[in-house]
file coords-v8.pdb (PDB, C-alpha atoms)
ATOM      1  CA  VAL A   1      -5.043-164.475  23.483
ATOM      2  CA  LEU A   2      -6.121-162.531  20.399
ATOM      3  CA  ALA A   3      -9.825-162.976  21.138
ATOM      4  CA  VAL A   4      -9.671-160.983  24.398
ATOM      5  CA  GLY A   5      -7.688-158.005  23.081
ATOM      6  CA  ASP A   6      -8.809-154.854  21.330
ATOM      7  CA  ALA A   7      -7.839-154.033  17.739
ATOM      8  CA  GLU A   8      -4.545-152.336  18.656
ATOM      9  CA  PHE A   9      -3.493-155.205  20.957
ATOM     10  CA  GLN A  10      -4.262-157.785  18.273
ATOM     11  CA  LYS A  11      -2.336-155.798  15.690
ATOM     12  CA  LYS A  12       0.717-155.705  17.994
ATOM     13  CA  CYS A  13       0.473-159.461  18.676
ATOM     14  CA  LEU A  14       0.263-160.375  15.002
ATOM     15  CA  GLY A  15       3.134-158.017  14.211
ATOM     16  CA  LYS A  16       5.307-159.570  16.929
ATOM     17  CA  MET A  17       4.594-163.075  15.632
ATOM     18  CA  GLY A  18       5.720-162.002  12.178
ATOM     19  CA  ASP A  19       8.893-160.433  13.566
ATOM     20  CA  VAL A  20       9.797-163.563  15.537
ATOM     21  CA  ALA A  21       9.210-165.810  12.520
ATOM     22  CA  GLN A  22      11.474-163.646  10.358
ATOM     23  CA  GLU A  23      14.246-164.031  12.959
ATOM     24  CA  GLY A  24      14.345-167.747  12.212
ATOM     25  CA  ARG A  25      12.318-169.058  15.137
ATOM     26  CA  THR A  26       9.211-171.229  14.800
ATOM     27  CA  VAL A  27       5.796-169.854  15.763
ATOM     28  CA  LEU A  28       2.918-172.270  16.366
ATOM     29  CA  PHE A  29      -0.286-170.347  15.683
ATOM     30  CA  VAL A  30      -3.591-172.090  16.551
ATOM     31  CA  SER A  31      -6.734-170.424  15.207
ATOM     32  CA  HIS A  32     -10.002-170.686  13.291
ATOM     33  CA  ASN A  33      -9.318-167.302  11.669
ATOM     34  CA  MET A  34      -8.526-168.298   8.092
ATOM     35  CA  GLY A  35      -7.402-164.794   7.123
ATOM     36  CA  ALA A  36      -4.845-164.575   9.928
ATOM     37  CA  ILE A  37      -3.573-168.092   9.192
ATOM     38  CA  GLN A  38      -3.183-167.253   5.503
ATOM     39  CA  ASN A  39      -1.237-164.073   6.301
ATOM     40  CA  LEU A  40       1.011-165.543   9.009
ATOM     41  CA  CYS A  41       1.703-169.149   8.069
ATOM     42  CA  SER A  42       3.515-170.691   5.135
ATOM     43  CA  LYS A  43       2.618-174.225   6.270
ATOM     44  CA  SER A  44      -0.430-175.442   8.150
ATOM     45  CA  MET A  45      -1.731-178.548   9.907
ATOM     46  CA  LEU A  46      -5.413-179.487  10.010
ATOM     47  CA  LEU A  47      -6.536-181.324  13.154
ATOM     48  CA  SER A  48      -9.795-183.224  13.549
ATOM     49  CA  LYS A  49     -10.856-185.110  16.686
ATOM     50  CA  GLY A  50      -7.279-185.217  17.953
ATOM     51  CA  SER A  51      -5.796-186.570  14.728
ATOM     52  CA  ILE A  52      -3.834-184.926  11.923
ATOM     53  CA  GLU A  53      -5.977-184.639   8.796
ATOM     54  CA  SER A  54      -3.419-182.927   6.578
ATOM     55  CA  ILE A  55      -0.152-180.980   6.584
ATOM     56  CA  GLY A  56       1.078-178.756   3.782
ATOM     57  CA  ASN A  57       0.787-175.464   1.981
ATOM     58  CA  THR A  58      -1.508-173.116   3.907
ATOM     59  CA  SER A  59      -3.826-172.367   0.975
ATOM     60  CA  GLU A  60      -4.336-176.077   0.275
ATOM     61  CA  VAL A  61      -4.990-176.941   3.927
ATOM     62  CA  ILE A  62      -7.489-174.088   4.282
ATOM     63  CA  SER A  63      -9.261-175.223   1.121
ATOM     64  CA  SER A  64      -9.456-178.762   2.524
ATOM     65  CA  TYR A  65     -10.861-177.494   5.832
ATOM     66  CA  LEU A  66     -13.543-175.363   4.183
ATOM     67  CA  TYR A  67     -14.423-178.097   1.684
ATOM     68  CA  GLU A  68     -14.956-180.602   4.499
ATOM     69  CA  ASN A  69     -17.209-178.090   6.276
ATOM     70  CA  ARG A  70     -19.283-177.625   3.129
ATOM     71  CA  GLN A  71     -19.581-181.373   2.604
ATOM     72  CA  SER A  72     -20.618-181.973   6.209
ATOM     73  CA  ALA A  73     -23.323-179.330   5.771
ATOM     74  CA  GLY A  74     -24.833-181.461   2.987
ATOM     75  CA  GLU A  75     -24.141-178.973   0.191
ATOM     76  CA  ASP A  76     -24.729-180.390  -3.265
ATOM     77  CA  LEU A  77     -26.080-178.062  -5.939
ATOM     78  CA  GLU A  78     -26.108-180.825  -8.536
ATOM     79  CA  THR A  79     -28.459-183.253  -6.810
ATOM     80  CA  CYS A  80     -30.566-181.149  -4.412
ATOM     81  CA  LYS A  81     -34.321-180.617  -4.776
ATOM     82  CA  ARG A  82     -35.145-177.764  -7.135
ATOM     83  CA  SER A  83     -37.898-176.049  -9.064
ATOM     84  CA  GLY A  84     -37.799-174.883 -12.686
ATOM     85  CA  ASN A  85     -38.246-176.301 -16.160
ATOM     86  CA  GLY A  86     -34.824-178.014 -16.246
ATOM     87  CA  LYS A  87     -33.511-176.279 -19.364
ATOM     88  CA  LEU A  88     -30.526-175.152 -17.302
ATOM     89  CA  ARG A  89     -29.074-176.344 -14.005
ATOM     90  CA  ILE A  90     -26.765-174.513 -11.591
ATOM     91  CA  THR A  91     -24.189-177.080 -10.498
ATOM     92  CA  GLY A  92     -21.703-175.311  -8.230
ATOM     93  CA  PHE A  93     -20.524-172.158  -6.491
ATOM     94  CA  HIS A  94     -17.088-170.828  -5.555
ATOM     95  CA  PHE A  95     -15.055-167.637  -5.243
ATOM     96  CA  GLU A  96     -12.361-166.584  -7.700
ATOM     97  CA  SER A  97      -9.599-163.995  -7.568
ATOM     98  CA  GLU A  98      -9.195-161.326 -10.250
ATOM     99  CA  ASP A  99      -6.656-163.529 -12.039
ATOM    100  CA  GLY A 100      -9.004-166.533 -12.084
ATOM    101  CA  ARG A 101      -7.685-168.570  -9.134
ATOM    102  CA  GLU A 102     -10.328-170.421  -7.116
ATOM    103  CA  LEU A 103     -10.453-169.105  -3.546
ATOM    104  CA  PRO A 104     -11.613-170.921  -0.395
ATOM    105  CA  TYR A 105     -13.168-167.727   1.038
ATOM    106  CA  ALA A 106     -13.628-163.999   0.408
ATOM    107  CA  VAL A 107     -12.049-161.214   2.477
ATOM    108  CA  SER A 108     -13.768-158.105   3.838
ATOM    109  CA  GLY A 109     -12.822-155.082   1.758
ATOM    110  CA  GLU A 110     -11.112-157.070  -1.008
ATOM    111  CA  PRO A 111     -12.275-157.673  -4.616
ATOM    112  CA  VAL A 112     -13.679-161.092  -5.499
ATOM    113  CA  TYR A 113     -15.745-162.934  -8.109
ATOM    114  CA  PHE A 114     -18.887-164.840  -7.093
ATOM    115  CA  VAL A 115     -18.958-167.748  -9.561
ATOM    116  CA  LEU A 116     -21.848-170.060 -10.457
ATOM    117  CA  ASN A 117     -21.205-173.157 -12.593
ATOM    118  CA  PHE A 118     -24.023-174.318 -14.837
ATOM    119  CA  THR A 119     -25.024-176.937 -17.389
ATOM    120  CA  ASN A 120     -27.205-175.951 -20.341
ATOM    121  CA  PHE A 121     -29.527-178.833 -21.226
ATOM    122  CA  ALA A 122     -32.117-177.324 -23.559
ATOM    123  CA  LEU A 123     -31.865-173.539 -23.804
ATOM    124  CA  ASN A 124     -32.533-171.932 -27.150
ATOM    125  CA  PRO A 125     -29.770-169.586 -28.377
ATOM    126  CA  GLU A 126     -32.149-166.634 -28.103
ATOM    127  CA  ASP A 127     -33.218-167.394 -24.502
ATOM    128  CA  ARG A 128     -32.267-164.532 -22.173
ATOM    129  CA  VAL A 129     -31.029-165.715 -18.766
ATOM    130  CA  SER A 130     -30.647-163.722 -15.542
ATOM    131  CA  PHE A 131     -28.564-165.394 -12.828
ATOM    132  CA  SER A 132     -28.804-164.438  -9.179
ATOM    133  CA  PHE A 133     -27.338-165.130  -5.778
ATOM    134  CA  GLY A 134     -28.744-164.315  -2.365
ATOM    135  CA  ILE A 135     -26.812-163.865   0.869
ATOM    136  CA  HIS A 136     -28.324-165.062   4.164
ATOM    137  CA  ASP A 137     -27.149-165.292   7.747
ATOM    138  CA  GLU A 138     -26.786-168.655   9.494
ATOM    139  CA  LYS A 139     -30.443-168.487  10.580
ATOM    140  CA  GLU A 140     -31.382-168.297   6.880
ATOM    141  CA  VAL A 141     -32.516-164.662   7.187
ATOM    142  CA  GLY A 142     -31.950-162.824   3.918
ATOM    143  CA  ILE A 143     -29.341-160.046   3.845
ATOM    144  CA  SER A 144     -29.242-159.236   0.125
ATOM    145  CA  HIS A 145     -30.205-160.579  -3.306
ATOM    146  CA  TYR A 146     -28.659-159.633  -6.637
ATOM    147  CA  TYR A 147     -29.900-160.619 -10.099
ATOM    148  CA  SER A 148     -27.835-159.877 -13.188
ATOM    149  CA  HIS A 149     -30.815-158.112 -14.766
ATOM    150  CA  PHE A 150     -30.748-155.604 -11.885
ATOM    151  CA  SER A 151     -27.708-154.298 -13.790
ATOM    152  CA  ASN A 152     -29.525-154.739 -17.119
ATOM    153  CA  THR A 153     -27.509-157.875 -17.919
ATOM    154  CA  TYR A 154     -29.066-160.959 -19.551
ATOM    155  CA  PHE A 155     -27.088-163.825 -21.104
ATOM    156  CA  SER A 156     -27.936-165.532 -24.404
ATOM    157  CA  ASN A 157     -26.393-168.270 -26.553
ATOM    158  CA  LEU A 158     -24.979-170.033 -23.481
ATOM    159  CA  PRO A 159     -22.404-172.829 -23.805
ATOM    160  CA  THR A 160     -23.329-176.390 -22.856
ATOM    161  CA  VAL A 161     -21.144-176.208 -19.729
ATOM    162  CA  GLY A 162     -19.920-172.935 -18.339
ATOM    163  CA  LYS A 163     -19.747-170.500 -15.474
ATOM    164  CA  VAL A 164     -21.087-167.030 -14.844
ATOM    165  CA  ARG A 165     -18.947-164.620 -12.799
ATOM    166  CA  CYS A 166     -20.101-161.588 -10.828
ATOM    167  CA  PHE A 167     -17.321-159.171  -9.865
ATOM    168  CA  ILE A 168     -17.593-157.504  -6.459
ATOM    169  CA  GLN A 169     -15.161-154.612  -6.218
ATOM    170  CA  GLU A 170     -15.149-154.527  -2.414
ATOM    171  CA  VAL A 171     -16.733-157.178  -0.172
ATOM    172  CA  ASN A 172     -18.815-155.302   2.394
ATOM    173  CA  LEU A 173     -19.628-158.221   4.697
ATOM    174  CA  SER A 174     -18.237-158.677   8.198
ATOM    175  CA  PRO A 175     -16.138-161.774   8.901
ATOM    176  CA  GLY A 176     -18.274-164.837   9.541
ATOM    177  CA  ARG A 177     -20.166-167.729   8.036
ATOM    178  CA  TYR A 178     -22.976-167.031   5.585
ATOM    179  CA  LEU A 179     -25.361-168.960   3.351
ATOM    180  CA  LEU A 180     -25.807-168.516  -0.391
ATOM    181  CA  SER A 181     -28.894-169.209  -2.480
ATOM    182  CA  CYS A 182     -28.970-169.047  -6.272
ATOM    183  CA  ARG A 183     -31.435-168.981  -9.132
ATOM    184  CA  ALA A 184     -31.704-168.642 -12.910
ATOM    185  CA  ILE A 185     -34.704-167.057 -14.618
ATOM    186  CA  GLY A 186     -35.205-165.743 -18.129
ATOM    187  CA  ASN A 187     -37.224-164.133 -20.890
ATOM    188  CA  GLY A 188     -38.821-161.603 -18.548
ATOM    189  CA  ASN A 189     -38.707-160.155 -15.047
ATOM    190  CA  LEU A 190     -39.195-161.718 -11.606
ATOM    191  CA  ARG A 191     -42.986-161.852 -12.018
ATOM    192  CA  THR A 192     -43.343-162.796 -15.663
ATOM    193  CA  GLY A 193     -40.036-164.563 -16.364
ATOM    194  CA  GLU A 194     -39.489-168.232 -17.074
ATOM    195  CA  GLU A 195     -38.130-170.272 -14.157
ATOM    196  CA  PHE A 196     -35.088-172.164 -15.430
ATOM    197  CA  ASP A 197     -33.570-173.364 -12.150
ATOM    198  CA  TRP A 198     -34.029-172.654  -8.449
ATOM    199  CA  PRO A 199     -32.038-175.038  -6.204
ATOM    200  CA  GLN A 200     -33.734-175.524  -2.846
ATOM    201  CA  ILE A 201     -30.527-175.392  -0.846
ATOM    202  CA  PHE A 202     -28.276-172.976   1.006
ATOM    203  CA  VAL A 203     -24.551-173.192   0.279
ATOM    204  CA  PRO A 204     -22.323-172.145   3.221
ATOM    205  CA  PHE A 205     -19.387-169.810   2.616
ATOM    206  CA  ASN A 206     -16.929-167.851   4.734
ATOM    207  CA  ILE A 207     -15.867-164.218   4.849
ATOM    208  CA  GLU A 208     -12.526-163.640   6.550
ATOM    209  CA  GLN A 209     -11.174-160.535   8.254
ATOM    210  CA  GLY A 210      -9.617-157.854   6.098
ATOM    211  CA  ASP A 211      -8.691-154.214   6.412
ATOM    212  CA  TYR A 212     -12.037-152.992   5.060
ATOM    213  CA  TYR A 213     -11.526-149.396   6.173
ATOM    214  CA  LYS A 214      -7.889-149.334   4.979
ATOM    215  CA  VAL A 215      -6.621-147.990   8.328
ATOM    216  CA  GLY A 216      -4.133-150.735   9.176
ATOM    217  CA  SER A 217      -6.489-152.849  11.329
ATOM    218  CA  THR A 218      -8.512-155.924  10.399
ATOM    219  CA  MET A 219     -10.401-155.995  13.676
ATOM    220  CA  LEU A 220     -12.866-153.139  13.034
ATOM    221  CA  SER A 221     -15.032-155.107  10.594
ATOM    222  CA  SER A 222     -17.117-157.088  13.041
ATOM    223  CA  TRP A 223     -20.239-155.139  14.026
ATOM    224  CA  GLY A 224     -23.227-156.532  12.164
ATOM    225  CA  PRO A 225     -23.137-158.364   8.837
ATOM    226  CA  VAL A 226     -23.090-155.359   6.489
ATOM    227  CA  LEU A 227     -20.157-152.924   6.520
ATOM    228  CA  ILE A 228     -20.636-149.235   5.699
ATOM    229  CA  LYS A 229     -18.031-146.845   4.374
ATOM    230  CA  GLY A 230     -18.619-143.129   3.813
ATOM    231  CA  SER A 231     -17.038-139.691   3.956
ATOM    232  CA  TRP A 232     -17.271-137.692   7.166
ATOM    233  CA  THR A 233     -17.316-133.875   7.376
ATOM    234  CA  ILE A 234     -18.093-131.317  10.046
ATOM    235  CA  THR A 235     -19.411-127.766   9.789
ATOM    236  CA  GLY A 236     -20.487-125.147  12.252
ATOM    237  CA  ILE A 237     -24.133-124.154  12.666
ATOM    238  CA  GLU A 238     -24.994-120.467  12.884
TER     239      GLU A 238
END

call {"tool": "encode", "arguments": {"input": "coords-v8.pdb", "output": "structure tokens"}}
result
Amino acid sequence: VLAVGDAEFQKKCLGKMGDVAQEGRTVLFVSHNMGAIQNLCSKSMLLSKGSIESIGNTSEVISSYLYENRQSAGEDLETCKRSGNGKLRITGFHFESEDGRELPYAVSGEPVYFVLNFTNFALNPEDRVSFSFGIHDEKEVGISHYYSHFSNTYFSNLPTVGKVRCFIQEVNLSPGRYLLSCRAIGNGNLRTGEEFDWPQIFVPFNIEQGDYYKVGSTMLSSWGPVLIKGSWTITGIE
């Protein structure tokens, strides 16, 4: 029902579901929209091939669903083919909230940390490392790449096992499924730097609907992968 309605219709439907649930009645909501499920449901059931996979807290069930999707896509940053000298290895990727909780997805318009786990095998304390992640669509076409040194940030004296976090104040991607690439270089720039690790793999991740424009509707953030927000003015022309 929600898929065929405009933004205002969907907003009314979701609001009515919430009202009915608060009156003490049970609402059965079936969807692949993780954001709507998270907002509406306190408990969730994951179905697969006609069988119940899990029942429980919504956040845990969503995490299980997304984890299974990543595993079925063959994602494994630890064991994939890679290039680099092996001094450092990127071993995992996930999202985190501002208070450090691991998240199963990011939400359009909301703050989030992109987090890369790593193992330091043979870096010298003075080695300067720039981490990066790239965002691609499902056809593996690049949308954006961001290295820490683009913001004049290199890391030295790395721990043996750790994680590097990149804070995004406002996710400007439309809802959908994307692919992430990652890399670690150092002691120079993209042309002259030392290649520490470059996993030859794309890691799938999800962006869920959010009120990106802060106008009370989550359904406006769906035209193209990159969302734009600006200030509009009008003046007369003499």

call {"tool": "closest_residue", "arguments": {"input": "coords-v8.pdb", "among": "A:Thr119, A:Ser181, A:Ser42, A:Ser174", "to": "Leu158 (chain A)", "atoms": "all atoms listed in the file"}}
result
A:Thr119

call {"tool": "resolve_selection", "arguments": {"input": "coords-v8.pdb", "expression": "the PyMOL selection byres ((chain A and resi 91-94) around 10)", "output": "number ranges by chain"}}
result
A: 75-80, 88-90, 95-96, 102-106, 113-119, 133, 161-165, 180-182, 199, 203-205

call {"tool": "residues_near_point", "arguments": {"input": "coords-v8.pdb", "point": "(-31.9, -158.2, -13.9)", "cutoff": "10 Å", "atoms": "only C-alpha atoms", "output": "MDAnalysis selection string"}}
result
chainID A and resid 129:132 146:154 185:186 188:190

call {"tool": "atom_distance", "arguments": {"input": "coords-v8.pdb", "atom1": "CA of Tyr212 (chain A)", "atom2": "CA of Asn172 (chain A)"}}
result
7.6 Å

call {"tool": "residues_around", "arguments": {"input": "coords-v8.pdb", "residues": "Asn39 (chain A)", "least_positions_apart": "2", "cutoff": "10 Å", "atoms": "all atoms listed in the file", "output": "PyMOL selection string"}}
result
chain A and resi 14+18+34-37+41-42+58

call {"tool": "resolve_selection", "arguments": {"input": "coords-v8.pdb", "expression": "the PyMOL selection byres ((chain A and resi 44) around 8)", "output": "list of chain:residue names"}}
result
A:Cys41, A:Ser42, A:Lys43, A:Met45, A:Leu46, A:Ile55, A:Gly56, A:Asn57, A:Thr58, A:Val61

call {"tool": "closest_residue", "arguments": {"input": "coords-v8.pdb", "among": "A:Leu123, A:Ile228, A:Cys13, A:Ile234", "to": "Asp197 (chain A)", "atoms": "only C-alpha atoms"}}
result
A:Leu123

call {"tool": "residues_around", "arguments": {"input": "coords-v8.pdb", "residues": "Tyr178 (chain A)", "least_positions_apart": "4", "cutoff": "12 Å", "atoms": "only C-alpha atoms", "output": "PDB file with C-alpha atoms, keeping the file's coordinate frame"}}
result
ATOM      1  CA  ARG A  70     -19.283-177.625   3.129  1.00  0.00           C
ATOM      2  CA  TYR A 105     -13.168-167.727   1.038  1.00  0.00           C
ATOM      3  CA  ALA A 106     -13.628-163.999   0.408  1.00  0.00           C
ATOM      4  CA  GLY A 134     -28.744-164.315  -2.365  1.00  0.00           C
ATOM      5  CA  ILE A 135     -26.812-163.865   0.869  1.00  0.00           C
ATOM      6  CA  HIS A 136     -28.324-165.062   4.164  1.00  0.00           C
ATOM      7  CA  ASP A 137     -27.149-165.292   7.747  1.00  0.00           C
ATOM      8  CA  GLU A 138     -26.786-168.655   9.494  1.00  0.00           C
ATOM      9  CA  LYS A 139     -30.443-168.487  10.580  1.00  0.00           C
ATOM     10  CA  GLU A 140     -31.382-168.297   6.880  1.00  0.00           C
ATOM     11  CA  VAL A 141     -32.516-164.662   7.187  1.00  0.00           C
ATOM     12  CA  GLY A 142     -31.950-162.824   3.918  1.00  0.00           C
ATOM     13  CA  ILE A 143     -29.341-160.046   3.845  1.00  0.00           C
ATOM     14  CA  SER A 144     -29.242-159.236   0.125  1.00  0.00           C
ATOM     15  CA  LEU A 173     -19.628-158.221   4.697  1.00  0.00           C
ATOM     16  CA  SER A 174     -18.237-158.677   8.198  1.00  0.00           C
ATOM     17  CA  PHE A 202     -28.276-172.976   1.006  1.00  0.00           C
ATOM     18  CA  VAL A 203     -24.551-173.192   0.279  1.00  0.00           C
ATOM     19  CA  PRO A 204     -22.323-172.145   3.221  1.00  0.00           C
ATOM     20  CA  PHE A 205     -19.387-169.810   2.616  1.00  0.00           C
ATOM     21  CA  ASN A 206     -16.929-167.851   4.734  1.00  0.00           C
ATOM     22  CA  ILE A 207     -15.867-164.218   4.849  1.00  0.00           C
ATOM     23  CA  GLU A 208     -12.526-163.640   6.550  1.00  0.00           C
ATOM     24  CA  PRO A 225     -23.137-158.364   8.837  1.00  0.00           C
ATOM     25  CA  VAL A 226     -23.090-155.359   6.489  1.00  0.00           C
TER      26      VAL A 226
END

call {"tool": "closest_residue", "arguments": {"input": "coords-v8.pdb", "among": "A:Ala184, A:Leu227, A:Leu179, A:Ile237", "to": "Asn85 (chain A)", "atoms": "only C-alpha atoms"}}
result
A:Ala184

call {"tool": "atom_distance", "arguments": {"input": "coords-v8.pdb", "atom1": "CA of Asp211 (chain A)", "atom2": "CA of Asn33 (chain A)"}}
result
14.1 Å

call {"tool": "atom_distance", "arguments": {"input": "coords-v8.pdb", "atom1": "CA of Ala122 (chain A)", "atom2": "CA of Gly86 (chain A)"}}
result
7.8 Å

call {"tool": "closest_residue", "arguments": {"input": "coords-v8.pdb", "among": "A:Arg101, A:Asp127, A:Ile52, A:Arg82", "to": "Ser156 (chain A)", "atoms": "only C-alpha atoms"}}
result
A:Asp127

call {"tool": "resolve_selection", "arguments": {"input": "coords-v8.pdb", "expression": "the PyMOL selection byres ((chain A and resi 109) around 7)", "output": "ChimeraX atom specification"}}
result
/A:107-108,110-111,170-172,210-212
